[in-house]
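S.K.: data_9.pdb is the file, holding PDB, C-alpha atoms:
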MODEL        1
ATOM      1  CA  MET A   1     -91.874  10.364  68.924
ATOM      2  CA  ARG A   2     -93.045  13.012  66.508
ATOM      3  CA  ARG A   3     -93.784  11.845  62.990
ATOM      4  CA  LEU A   4     -92.541  13.569  59.875
ATOM      5  CA  LYS A   5     -95.050  15.896  58.242
ATOM      6  CA  LEU A   6     -95.074  16.827  54.558
ATOM      7  CA  TYR A   7     -96.909  19.794  53.032
ATOM      8  CA  TYR A   8     -97.870  20.874  49.542
ATOM      9  CA  TYR A   9     -99.303  24.115  48.092
ATOM     10  CA  SER A  10    -103.001  23.988  47.281
ATOM     11  CA  LYS A  11    -104.375  26.214  44.535
ATOM     12  CA  ASP A  12    -107.878  25.702  45.857
ATOM     13  CA  SER A  13    -107.187  27.064  49.305
ATOM     14  CA  LEU A  14    -104.226  29.184  48.232
ATOM     15  CA  GLY A  15    -102.192  27.813  51.121
ATOM     16  CA  LEU A  16    -100.190  24.863  52.460
ATOM     17  CA  ARG A  17    -101.961  21.620  53.212
ATOM     18  CA  GLU A  18    -100.580  18.593  55.011
ATOM     19  CA  VAL A  19     -99.976  15.432  52.958
ATOM     20  CA  ALA A  20    -101.881  12.468  54.282
ATOM     21  CA  TYR A  21     -99.578  10.066  56.184
ATOM     22  CA  GLY A  22    -100.916   6.909  54.564
ATOM     23  CA  PRO A  23     -99.814   7.597  50.941
ATOM     24  CA  VAL A  24     -96.391   8.823  52.049
ATOM     25  CA  ARG A  25     -95.771   5.673  54.011
ATOM     26  CA  PHE A  26     -96.933   3.570  51.047
ATOM     27  CA  VAL A  27     -94.505   5.300  48.632
ATOM     28  CA  ALA A  28     -91.624   5.093  51.095
ATOM     29  CA  TYR A  29     -92.177   1.380  51.671
ATOM     30  CA  GLY A  30     -92.432   0.890  47.931
ATOM     31  CA  ILE A  31     -89.078   2.560  47.265
ATOM     32  CA  LEU A  32     -87.377   0.646  50.063
ATOM     33  CA  GLY A  33     -88.858  -2.639  48.929
ATOM     34  CA  GLY A  34     -87.853  -2.027  45.317
ATOM     35  CA  PHE A  35     -84.296  -1.256  46.388
ATOM     36  CA  LEU A  36     -84.075  -4.399  48.523
ATOM     37  CA  LEU A  37     -85.638  -6.467  45.741
ATOM     38  CA  PHE A  38     -83.107  -5.137  43.224
ATOM     39  CA  TRP A  39     -80.145  -6.059  45.375
ATOM     40  CA  ALA A  40     -81.615  -9.449  46.161
ATOM     41  CA  PHE A  41     -81.975  -9.978  42.400
ATOM     42  CA  VAL A  42     -78.362  -8.942  41.806
ATOM     43  CA  LEU A  43     -77.037 -11.231  44.537
ATOM     44  CA  VAL A  44     -79.025 -14.214  43.299
ATOM     45  CA  ASN A  45     -77.892 -13.568  39.695
ATOM     46  CA  GLN A  46     -74.261 -13.372  40.753
ATOM     47  CA  SER A  47     -74.536 -16.521  42.850
ATOM     48  CA  TYR A  48     -75.537 -18.337  39.646
ATOM     49  CA  GLY A  49     -72.523 -16.986  37.729
ATOM     50  CA  ASP A  50     -74.292 -13.979  36.158
ATOM     51  CA  ALA A  51     -76.855 -16.255  34.519
ATOM     52  CA  LEU A  52     -78.793 -13.291  33.113
ATOM     53  CA  GLY A  53     -75.634 -11.702  31.626
ATOM     54  CA  ILE A  54     -75.914  -8.403  33.470
ATOM     55  CA  GLY A  55     -72.070  -8.261  33.497
ATOM     56  CA  ILE A  56     -71.312  -6.501  36.764
ATOM     57  CA  ALA A  57     -68.671  -9.072  37.744
ATOM     58  CA  LYS A  58     -67.338  -9.207  34.201
ATOM     59  CA  THR A  59     -66.865  -5.470  34.222
ATOM     60  CA  ASP A  60     -64.786  -5.718  37.408
ATOM     61  CA  VAL A  61     -62.716  -8.526  35.879
ATOM     62  CA  LEU A  62     -62.174  -6.571  32.662
ATOM     63  CA  LEU A  63     -61.095  -3.490  34.582
ATOM     64  CA  SER A  64     -58.638  -5.575  36.561
ATOM     65  CA  GLU A  65     -57.312  -7.256  33.409
ATOM     66  CA  ASN A  66     -56.981  -3.881  31.701
ATOM     67  CA  ARG A  67     -54.766  -2.622  34.523
ATOM     68  CA  ILE A  68     -52.603  -5.751  34.306
ATOM     69  CA  LEU A  69     -52.310  -5.496  30.499
ATOM     70  CA  LYS A  70     -51.289  -1.855  30.699
ATOM     71  CA  SER A  71     -48.617  -2.772  33.225
ATOM     72  CA  GLN A  72     -47.327  -5.572  30.973
ATOM     73  CA  LEU A  73     -47.333  -3.325  27.899
ATOM     74  CA  HIS A  74     -45.195  -0.795  29.756
ATOM     75  CA  LEU A  75     -42.816  -3.621  30.744
ATOM     76  CA  VAL A  76     -42.541  -4.939  27.166
ATOM     77  CA  SER A  77     -41.978  -1.418  25.869
ATOM     78  CA  SER A  78     -39.141  -0.968  28.349
ATOM     79  CA  GLN A  79     -37.573  -4.288  27.325
ATOM     80  CA  ILE A  80     -37.755  -3.373  23.625
ATOM     81  CA  ALA A  81     -36.080  -0.027  24.348
ATOM     82  CA  SER A  82     -33.270  -1.881  26.137
ATOM     83  CA  PHE A  83     -32.970  -4.276  23.187
ATOM     84  CA  GLU A  84     -32.735  -1.333  20.766
ATOM     85  CA  LYS A  85     -29.799   0.053  22.772
ATOM     86  CA  LYS A  86     -28.033  -3.314  22.526
ATOM     87  CA  LEU A  87     -28.630  -3.379  18.773
ATOM     88  CA  ALA A  88     -27.087   0.083  18.513
ATOM     89  CA  MET A  89     -24.014  -1.219  20.364
ATOM     90  CA  LEU A  90     -23.967  -4.215  18.013
ATOM     91  CA  ASN A  91     -24.014  -1.797  15.079
ATOM     92  CA  ASP A  92     -20.979   0.035  16.480
ATOM     93  CA  ARG A  93     -19.097  -3.239  16.893
ATOM     94  CA  GLY A  94     -20.163  -4.282  13.403
ATOM     95  CA  ASN A  95     -18.724  -1.070  11.992
ATOM     96  CA  GLU A  96     -15.403  -1.831  13.677
ATOM     97  CA  LEU A  97     -15.374  -5.270  12.054
ATOM     98  CA  ARG A  98     -16.317  -3.769   8.682
ATOM     99  CA  LEU A  99     -13.318  -1.437   8.832
ATOM    100  CA  LEU A 100     -11.042  -4.355   9.765
ATOM    101  CA  VAL A 101     -12.028  -6.212   6.576
ATOM    102  CA  ASP A 102     -11.921  -3.033   4.442
ATOM    103  CA  LEU A 103     -15.674  -2.518   4.135
ATOM    104  CA  PRO A 104     -17.303   0.926   4.500
ATOM    105  CA  LYS A 105     -19.113   1.694   7.750
ATOM    106  CA  ILE A 106     -22.903   1.800   7.929
ATOM    107  CA  ASP A 107     -23.362   5.462   8.791
ATOM    108  CA  GLU A 108     -26.162   6.668  11.031
ATOM    109  CA  GLU A 109     -28.275   8.151   8.232
ATOM    110  CA  VAL A 110     -28.271   4.870   6.282
ATOM    111  CA  ARG A 111     -29.029   2.940   9.457
ATOM    112  CA  ILE A 112     -31.991   5.180  10.374
ATOM    113  CA  ALA A 113     -33.331   5.099   6.809
ATOM    114  CA  GLY A 114     -33.074   1.315   6.739
ATOM    115  CA  THR A 115     -34.667   0.724  10.144
ATOM    116  CA  GLY A 116     -37.534   3.251  10.287
ATOM    117  CA  GLY A 117     -40.569   1.916  12.172
ATOM    118  CA  THR A 118     -44.112   1.858  10.820
ATOM    119  CA  GLU A 119     -45.961   5.189  11.001
ATOM    120  CA  GLU A 120     -49.461   3.765  10.427
ATOM    121  CA  ARG A 121     -51.677   4.103  13.482
ATOM    122  CA  ILE A 122     -54.475   1.679  14.304
ATOM    123  CA  ASP A 123     -57.340   2.280  16.730
ATOM    124  CA  PHE A 124     -57.141  -0.818  18.899
ATOM    125  CA  SER A 125     -59.264   0.583  21.714
ATOM    126  CA  SER A 126     -61.394   3.528  22.741
ATOM    127  CA  SER A 127     -58.751   4.267  25.378
ATOM    128  CA  PRO A 128     -56.119   6.780  24.151
ATOM    129  CA  ASP A 129     -53.588   5.305  26.597
ATOM    130  CA  VAL A 130     -53.990   1.781  25.243
ATOM    131  CA  ASN A 131     -53.873   3.033  21.648
ATOM    132  CA  GLY A 132     -50.686   4.962  22.330
ATOM    133  CA  LEU A 133     -49.006   1.989  23.989
ATOM    134  CA  LEU A 134     -49.941  -0.525  21.288
ATOM    135  CA  ASN A 135     -49.009   1.742  18.378
ATOM    136  CA  GLY A 136     -45.729   2.574  20.069
ATOM    137  CA  LEU A 137     -44.976  -1.129  20.469
ATOM    138  CA  ARG A 138     -45.806  -1.774  16.795
ATOM    139  CA  SER A 139     -43.397   0.954  15.716
ATOM    140  CA  SER A 140     -40.639  -0.277  18.060
ATOM    141  CA  LEU A 141     -41.021  -3.896  16.955
ATOM    142  CA  SER A 142     -40.957  -2.904  13.293
ATOM    143  CA  ARG A 143     -37.827  -0.805  13.852
ATOM    144  CA  THR A 144     -36.128  -3.579  15.836
ATOM    145  CA  GLU A 145     -36.950  -6.198  13.195
ATOM    146  CA  SER A 146     -35.471  -3.988  10.450
ATOM    147  CA  GLU A 147     -32.372  -3.335  12.556
ATOM    148  CA  MET A 148     -31.858  -7.068  13.075
ATOM    149  CA  ARG A 149     -32.133  -7.719   9.325
ATOM    150  CA  LEU A 150     -29.644  -4.931   8.641
ATOM    151  CA  GLN A 151     -27.172  -6.309  11.183
ATOM    152  CA  GLN A 152     -27.572  -9.874   9.855
ATOM    153  CA  GLN A 153     -26.756  -8.670   6.347
ATOM    154  CA  SER A 154     -23.845  -6.571   7.603
ATOM    155  CA  TYR A 155     -22.279  -9.390   9.637
ATOM    156  CA  ALA A 156     -22.785 -11.816   6.741
ATOM    157  CA  SER A 157     -20.920  -9.372   4.476
ATOM    158  CA  VAL A 158     -18.131  -9.113   7.055
ATOM    159  CA  GLY A 159     -17.833 -12.914   7.181
ATOM    160  CA  VAL A 160     -17.749 -13.283   3.395
ATOM    161  CA  THR A 161     -15.240 -10.450   2.959
ATOM    162  CA  TYR A 162     -13.064 -11.828   5.758
ATOM    163  CA  ASP A 163     -12.912 -15.226   4.039
ATOM    164  CA  GLN A 164     -12.146 -13.547   0.713
ATOM    165  CA  ASN A 165      -9.411 -11.426   2.276
ATOM    166  CA  LYS A 166      -7.933 -14.459   4.014
ATOM    167  CA  ALA A 167      -7.831 -16.359   0.708
ATOM    168  CA  ARG A 168      -6.416 -13.306  -1.055
ATOM    169  CA  PHE A 169      -3.685 -12.868   1.539
ATOM    170  CA  ALA A 170      -2.724 -16.526   1.179
ATOM    171  CA  HIS A 171      -2.131 -15.799  -2.550
ATOM    172  CA  LEU A 172      -0.212 -12.557  -1.984
ATOM    173  CA  PRO A 173       3.627 -12.889  -2.333
ATOM    174  CA  ALA A 174       4.451 -11.815   1.208
ATOM    175  CA  ILE A 175       7.466 -13.760   2.479
ATOM    176  CA  ARG A 176      11.136 -13.864   1.507
ATOM    177  CA  PRO A 177      11.805 -16.672  -0.997
ATOM    178  CA  MET A 178      15.320 -17.473   0.230
ATOM    179  CA  ASN A 179      17.846 -16.740   2.938
ATOM    180  CA  GLY A 180      20.733 -14.564   1.804
ATOM    181  CA  TYR A 181      21.919 -11.047   1.063
ATOM    182  CA  TYR A 182      19.115  -8.910  -0.385
ATOM    183  CA  GLN A 183      19.629  -6.156  -2.918
ATOM    184  CA  HIS A 184      17.988  -3.033  -1.524
ATOM    185  CA  LYS A 185      17.239  -1.218  -4.794
ATOM    186  CA  GLY A 186      14.702  -3.636  -6.233
ATOM    187  CA  ILE A 187      13.690  -3.063  -9.851
ATOM    188  CA  GLY A 188      15.029  -0.308 -12.117
ATOM    189  CA  MET A 189      17.660   0.545 -14.697
ATOM    190  CA  ARG A 190      21.132  -0.960 -14.179
ATOM    191  CA  MET A 191      24.229  -2.062 -16.073
ATOM    192  CA  HIS A 192      23.877  -5.730 -17.032
ATOM    193  CA  PRO A 193      27.033  -7.513 -15.744
ATOM    194  CA  ILE A 194      27.300  -9.766 -18.823
ATOM    195  CA  LEU A 195      25.673  -7.854 -21.686
ATOM    196  CA  GLY A 196      27.478  -4.638 -20.726
ATOM    197  CA  PHE A 197      24.661  -2.093 -21.286
ATOM    198  CA  TYR A 198      21.904  -0.520 -19.244
ATOM    199  CA  ARG A 199      18.586  -2.322 -19.154
ATOM    200  CA  VAL A 200      15.602  -2.564 -16.842
ATOM    201  CA  HIS A 201      16.163  -5.025 -14.041
ATOM    202  CA  GLU A 202      12.675  -6.396 -13.280
ATOM    203  CA  GLY A 203      13.378  -8.358 -10.158
ATOM    204  CA  LEU A 204      15.325  -8.671  -6.934
ATOM    205  CA  ASP A 205      18.685 -10.475  -6.631
ATOM    206  CA  ILE A 206      19.294 -12.503  -3.478
ATOM    207  CA  THR A 207      22.860 -13.765  -3.027
ATOM    208  CA  ASN A 208      23.718 -17.040  -1.324
ATOM    209  CA  GLN A 209      25.717 -20.165  -2.061
ATOM    210  CA  GLU A 210      24.486 -22.580  -4.717
ATOM    211  CA  GLY A 211      21.913 -25.111  -3.469
ATOM    212  CA  THR A 212      20.177 -22.792  -0.989
ATOM    213  CA  ALA A 213      16.492 -23.677  -0.561
ATOM    214  CA  VAL A 214      13.993 -21.546  -2.537
ATOM    215  CA  TYR A 215      10.419 -21.340  -1.219
ATOM    216  CA  ALA A 216       7.045 -20.335  -2.659
ATOM    217  CA  THR A 217       6.126 -16.882  -1.401
ATOM    218  CA  ALA A 218       2.358 -17.479  -1.654
ATOM    219  CA  ASP A 219      -0.226 -20.126  -2.534
ATOM    220  CA  GLY A 220      -0.621 -20.834  -6.227
ATOM    221  CA  THR A 221      -0.075 -23.203  -9.155
ATOM    222  CA  VAL A 222       3.226 -23.855 -10.943
ATOM    223  CA  GLN A 223       2.738 -22.684 -14.531
ATOM    224  CA  TYR A 224       6.340 -23.153 -15.686
ATOM    225  CA  ALA A 225       9.198 -25.333 -14.411
ATOM    226  CA  GLY A 226      12.359 -25.968 -16.436
ATOM    227  CA  LYS A 227      15.039 -24.399 -18.641
ATOM    228  CA  ASN A 228      14.296 -20.956 -20.067
ATOM    229  CA  GLN A 229      15.886 -19.455 -23.194
ATOM    230  CA  SER A 230      15.604 -15.803 -22.133
ATOM    231  CA  GLY A 231      18.580 -15.722 -19.786
ATOM    232  CA  TYR A 232      16.712 -16.956 -16.691
ATOM    233  CA  GLY A 233      18.372 -20.372 -16.837
ATOM    234  CA  LEU A 234      16.429 -22.927 -14.821
ATOM    235  CA  LEU A 235      13.165 -21.173 -13.914
ATOM    236  CA  VAL A 236      10.053 -21.758 -11.837
ATOM    237  CA  GLU A 237       7.022 -19.518 -12.416
ATOM    238  CA  VAL A 238       4.004 -19.638 -10.094
ATOM    239  CA  ASN A 239       0.546 -18.228 -10.827
ATOM    240  CA  HIS A 240      -0.997 -17.088  -7.562
ATOM    241  CA  GLY A 241      -4.314 -15.841  -8.924
ATOM    242  CA  TYR A 242      -5.626 -12.369  -8.072
ATOM    243  CA  SER A 243      -3.476 -11.150 -11.046
ATOM    244  CA  PHE A 244      -0.170 -12.096  -9.332
ATOM    245  CA  THR A 245       2.687 -14.277 -10.629
ATOM    246  CA  THR A 246       6.218 -14.821  -9.272
ATOM    247  CA  LYS A 247       9.405 -16.011 -10.984
ATOM    248  CA  TYR A 248      12.411 -17.778  -9.419
ATOM    249  CA  ALA A 249      15.394 -17.820 -11.801
ATOM    250  CA  HIS A 250      19.049 -18.991 -12.193
ATOM    251  CA  LEU A 251      18.233 -22.182 -10.264
ATOM    252  CA  SER A 252      20.476 -25.228  -9.987
ATOM    253  CA  ARG A 253      17.618 -27.659  -9.440
ATOM    254  CA  VAL A 254      13.815 -27.570  -9.906
ATOM    255  CA  LEU A 255      11.794 -29.590  -7.366
ATOM    256  CA  VAL A 256       8.225 -29.003  -8.647
ATOM    257  CA  ARG A 257       6.351 -29.754 -11.872
ATOM    258  CA  GLU A 258       4.019 -27.726 -14.027
ATOM    259  CA  GLY A 259       0.396 -27.818 -12.839
ATOM    260  CA  GLN A 260       1.400 -28.616  -9.256
ATOM    261  CA  SER A 261      -0.392 -26.720  -6.490
ATOM    262  CA  VAL A 262       1.884 -25.143  -3.892
ATOM    263  CA  ARG A 263       1.349 -23.323  -0.670
ATOM    264  CA  ARG A 264       3.282 -20.460   0.831
ATOM    265  CA  GLY A 265       6.487 -21.876   2.321
ATOM    266  CA  ASP A 266       6.619 -24.984   0.097
ATOM    267  CA  LEU A 267      10.077 -25.882  -1.264
ATOM    268  CA  LEU A 268      10.254 -25.078  -5.006
ATOM    269  CA  ALA A 269      13.905 -25.390  -6.007
ATOM    270  CA  ARG A 270      17.560 -24.887  -5.150
ATOM    271  CA  SER A 271      19.409 -21.695  -6.034
ATOM    272  CA  GLY A 272      22.153 -21.757  -8.638
ATOM    273  CA  ASN A 273      24.082 -19.924 -11.349
ATOM    274  CA  THR A 274      22.329 -20.922 -14.590
ATOM    275  CA  GLY A 275      21.429 -18.619 -17.487
ATOM    276  CA  LEU A 276      22.896 -15.102 -17.773
ATOM    277  CA  SER A 277      24.419 -15.071 -14.292
ATOM    278  CA  THR A 278      27.912 -14.255 -13.019
ATOM    279  CA  ALA A 279      27.572 -15.784  -9.533
ATOM    280  CA  PRO A 280      25.237 -18.018  -7.533
ATOM    281  CA  HIS A 281      22.096 -16.078  -6.621
ATOM    282  CA  LEU A 282      18.302 -16.106  -6.947
ATOM    283  CA  HIS A 283      16.588 -13.679  -9.284
ATOM    284  CA  TYR A 284      13.066 -13.168  -7.894
ATOM    285  CA  GLU A 285      10.228 -11.304  -9.646
ATOM    286  CA  VAL A 286       6.717 -10.290  -8.649
ATOM    287  CA  ARG A 287       4.304  -9.355 -11.439
ATOM    288  CA  LYS A 288       0.761  -8.041 -11.317
ATOM    289  CA  ASN A 289      -1.229  -8.266 -14.541
ATOM    290  CA  GLY A 290       2.122  -8.987 -16.218
ATOM    291  CA  VAL A 291       3.734  -5.763 -14.980
ATOM    292  CA  ALA A 292       6.875  -6.055 -12.854
ATOM    293  CA  GLN A 293       6.466  -4.906  -9.255
ATOM    294  CA  ASN A 294       9.144  -4.156  -6.675
ATOM    295  CA  PRO A 295       9.296  -7.329  -4.524
ATOM    296  CA  LEU A 296      10.507  -5.265  -1.564
ATOM    297  CA  ASP A 297       7.061  -3.641  -1.407
ATOM    298  CA  PHE A 298       5.442  -7.016  -0.695
ATOM    299  CA  PHE A 299       7.643  -8.403   2.053
ATOM    300  CA  PHE A 300       6.183  -8.460   5.536
ATOM    301  CA  ASP A 301       9.271  -7.899   7.671
ATOM    302  CA  ASP A 302       7.848 -10.036  10.470
ATOM    303  CA  VAL A 303       6.992 -12.976   8.164
ATOM    304  CA  ASP A 304       9.733 -15.514   7.605
ATOM    305  CA  TYR A 305       9.175 -18.610   5.461
ATOM    306  CA  GLN A 306      10.452 -20.985   8.129
ATOM    307  CA  ILE A 307       8.342 -19.409  10.890
ATOM    308  CA  TYR A 308       5.328 -19.431   8.565
ATOM    309  CA  LYS A 309       5.888 -23.082   7.646
ATOM    310  CA  ASN A 310       6.211 -24.113  11.307
ATOM    311  CA  ALA A 311       2.988 -22.260  12.143
ATOM    312  CA  LEU A 312       1.097 -24.148   9.436
ATOM    313  CA  GLN A 313       2.305 -27.483  10.806
ATOM    314  CA  GLU A 314       1.244 -26.772  14.409
TER     315      GLU A 314
ENDMDL
END
Taking this structure as input, can you express it in the form of structure tokens?
M.R.:
Amino acid sequence: MRRLKLYYYSKDSLGLREVAYGPVRFVAYGILGGFLLFWAFVLVNQSYGDALGIGIAKTDVLLSENRILKSQLHLVSSQIASFEKKLAMLNDRGNELRLLVDLPKIDEEVRIAGTGGTEERIDFSSSPDVNGLLNGLRSSLSRTESEMRLQQQSYASVGVTYDQNKARFAHLPAIRPMNGYYQHKGIGMRMHPILGFYRVHEGLDITNQEGTAVYATADGTVQYAGKNQSGYGLLVEVNHGYSFTTKYAHLSRVLVREGQSVRRGDLLARSGNTGLSTAPHLHYEVRKNGVAQNPLDFFFDDVDYQIYKNALQE
């Protein structure tokens, strides 16, 4: 077996000279031994849990954890994006509810202005990928949190307004006060049948036989019950709040007292022919802020006092 020969250039002889075999072998063995010694040192250190803190194993663990964290960050980002889409759908549904209770919609510009995410960027890591992911998550979370607050406030407003509207409707004169034949003209100028001259007729006449039941057309409080000197005869007047009052005149019998609370459909009186009246009928008025309104404008054609009363008792 031929051995390996090494040569070097000699300035003395101005030519190539062979390197002595002994030194070459010594250097080669030294390099090999150092390499083996290094790996033996590494293996022993690792077997004792990286006692010297070289960190080779820790580096592998950190790299593995970094890959897992990146994967989880991508997953969370995807979940937040899905949640943002659901919030957008919730906003659309909220706008429908707002319109149903007569509140203005939250338009897209207001929504975007109220839910803008944070623009501040923080250097969490030397890795651009990690920085991008974390800052994106911060912005998404901030935007989602603002959107949730906006929707909470919006739905709370819908709930409050719905309750207010429900109470207001309960105090709105909306049903017919008595069965009978209804005058279709409502309020306006007409010839008074007794006084014999034209005057403003501020209510609605409903004709039926004397003793027909007269019902409250909305929730309220009786503010007058008894004989009136202005031609109304026996009169019941109910204050419904929300600027509304109703009057029930020419009665034969009053069945409520002043200060009594009544609900829509409650029996107030019996119709009659008292006061300036030529025949049994009910004179019914609706006033807002003291101004006479046409009662026909307030009747819900599908709301009958008896049906309404039965529904309340169920």
S.K.: Using only C-alpha atoms, can you tell me which of A:Asn95, A:Ser252, A:Gln293, A:Thr144 comes closest to A:Lys227?
M.R.: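 For A:Lys227, the nearest of the candidates is A:Ser252.
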S.K.: Residue by residue, what does the PyMOL selection byres ((chain A and resi 263) around 12) grab here? Present the result as a ChimeraX atom specification.
M.R.: /A:167,169-173,175,215-222,238-240,256,260-262,264-268,305,308-309,312
S.K.: Once you have the residues from the selection above, write them out as a short mmCIF file (atom, residue, chain, number, x, y, z; two decimals), in the coordinates of the input, restricted to C-alpha atoms.
M.R.:
data_model
loop_
_atom_site.label_atom_id
_atom_site.label_comp_id
_atom_site.auth_asym_id
_atom_site.auth_seq_id
_atom_site.Cartn_x
_atom_site.Cartn_y
_atom_site.Cartn_z
CA ALA A 167 -7.83 -16.36 0.71
CA PHE A 169 -3.68 -12.87 1.54
CA ALA A 170 -2.72 -16.53 1.18
CA HIS A 171 -2.13 -15.80 -2.55
CA LEU A 172 -0.21 -12.56 -1.98
CA PRO A 173 3.63 -12.89 -2.33
CA ILE A 175 7.47 -13.76 2.48
CA TYR A 215 10.42 -21.34 -1.22
CA ALA A 216 7.04 -20.34 -2.66
CA THR A 217 6.13 -16.88 -1.40
CA ALA A 218 2.36 -17.48 -1.65
CA ASP A 219 -0.23 -20.13 -2.53
CA GLY A 220 -0.62 -20.83 -6.23
CA THR A 221 -0.08 -23.20 -9.15
CA VAL A 222 3.23 -23.86 -10.94
CA VAL A 238 4.00 -19.64 -10.09
CA ASN A 239 0.55 -18.23 -10.83
CA HIS A 240 -1.00 -17.09 -7.56
CA VAL A 256 8.22 -29.00 -8.65
CA GLN A 260 1.40 -28.62 -9.26
CA SER A 261 -0.39 -26.72 -6.49
CA VAL A 262 1.88 -25.14 -3.89
CA ARG A 264 3.28 -20.46 0.83
CA GLY A 265 6.49 -21.88 2.32
CA ASP A 266 6.62 -24.98 0.10
CA LEU A 267 10.08 -25.88 -1.26
CA LEU A 268 10.25 -25.08 -5.01
CA TYR A 305 9.18 -18.61 5.46
CA TYR A 308 5.33 -19.43 8.56
CA LYS A 309 5.89 -23.08 7.65
CA LEU A 312 1.10 -24.15 9.44
#
S.K.: Within 12 Å of A:Pro104, counting only C-alpha atoms, which residues qualify if same-chain residues fewer than 4 places away don't, as a list of chain:residue names?
M.R.: A:Gly94, A:Asn95, A:Glu96, A:Leu97, A:Arg98, A:Leu99, A:Leu100, A:Val110, A:Ser154, A:Ser157, A:Val158, A:Thr161
S.K.: Just need the box for stretch 163-175 of chain A, edges along x, y and z, holding every atom the file lists for it with 6 Å tacked onto each side, so centre and edge lengths in Å to one decimal, as AutoDock Vina command-line options.
M.R.:
--center_x -2.7 --center_y -14.0 --center_z 0.7 --size_x 32.4 --size_y 17.1 --size_z 18.6
S.K.: Mind pulling up the distance from atom CA of A:Val254 to atom CA of A:Ser271?
M.R.: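 So the two atoms, atom CA of A:Ser271 and atom CA of A:Val254, lie 9.0 Å apart.
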S.K.: Name all residues at most 10 Å from A:Glu285 (count all atoms listed in the file; drop same-chain ones fewer than 4 positions away) and give them as a list in words.
M.R.: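 The contact residues come out as Pro173, Gly186, Ile187, His201, Glu202, Gly203, Leu204, Asp205, Glu237, Thr245, Thr246, Lys247, Tyr248, Ala249, Ala292, Gln293, Asn294 and Pro295 of chain A.
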S.K.: Counting only C-alpha atoms, figure out which residue out of A:Arg176, A:Ser71, A:Ala213, A:Gly241 gets nearest to A:Asn289.
M.R.: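 Of the candidates, the smallest distance to A:Asn289 is held by A:Gly241.
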S.K.: Suppose you want the space between atom CA of A:Arg67 and atom CA of A:Lys85; what is it in Å?
M.R.: 27.7 Å
S.K.: Find the residue from A:Gln164, A:Thr278, A:Gln153, A:Ser140 that sits nearest to A:Ile80; use all atoms listed in the file when measuring.
M.R.: A:Ser140
S.K.: Could you check the closest approach to A:Gly136 for each of A:His283, A:His74, A:Arg257, A:Arg270 and tell me which residue wins, using only C-alpha atoms?
M.R.: A:His74
S.K.: Mind pulling up the distance from atom CA of A:Phe300 to atom CA of A:Tyr155?
M.R.: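 Those two atoms sit 28.8 Å apart.
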S.K.: Go through A:Asn165, A:Ser77, A:Thr274, A:Asn208 and flag the residue nearest A:Gly180, using all atoms listed in the file for the distances.
M.R.: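 Comparing A:Asn165, A:Ser77, A:Thr274, A:Asn208 against A:Gly180, the winner is A:Asn208.
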S.K.: Decode the PyMOL selection byres ((chain A and resi 281) around 8) for the given file into explicit residues and return them as a ChimeraX atom specification.
M.R.: /A:205-210,250,271-273,279-280,282-283
S.K.: Which is closest to A:Ala225 among A:Leu251, A:Leu276, A:Met89, A:Leu137, if we use all atoms listed in the file?
M.R.: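 Checking each of A:Leu251, A:Leu276, A:Met89, A:Leu137 against A:Ala225, counting all atoms listed in the file, the winner is A:Leu251.
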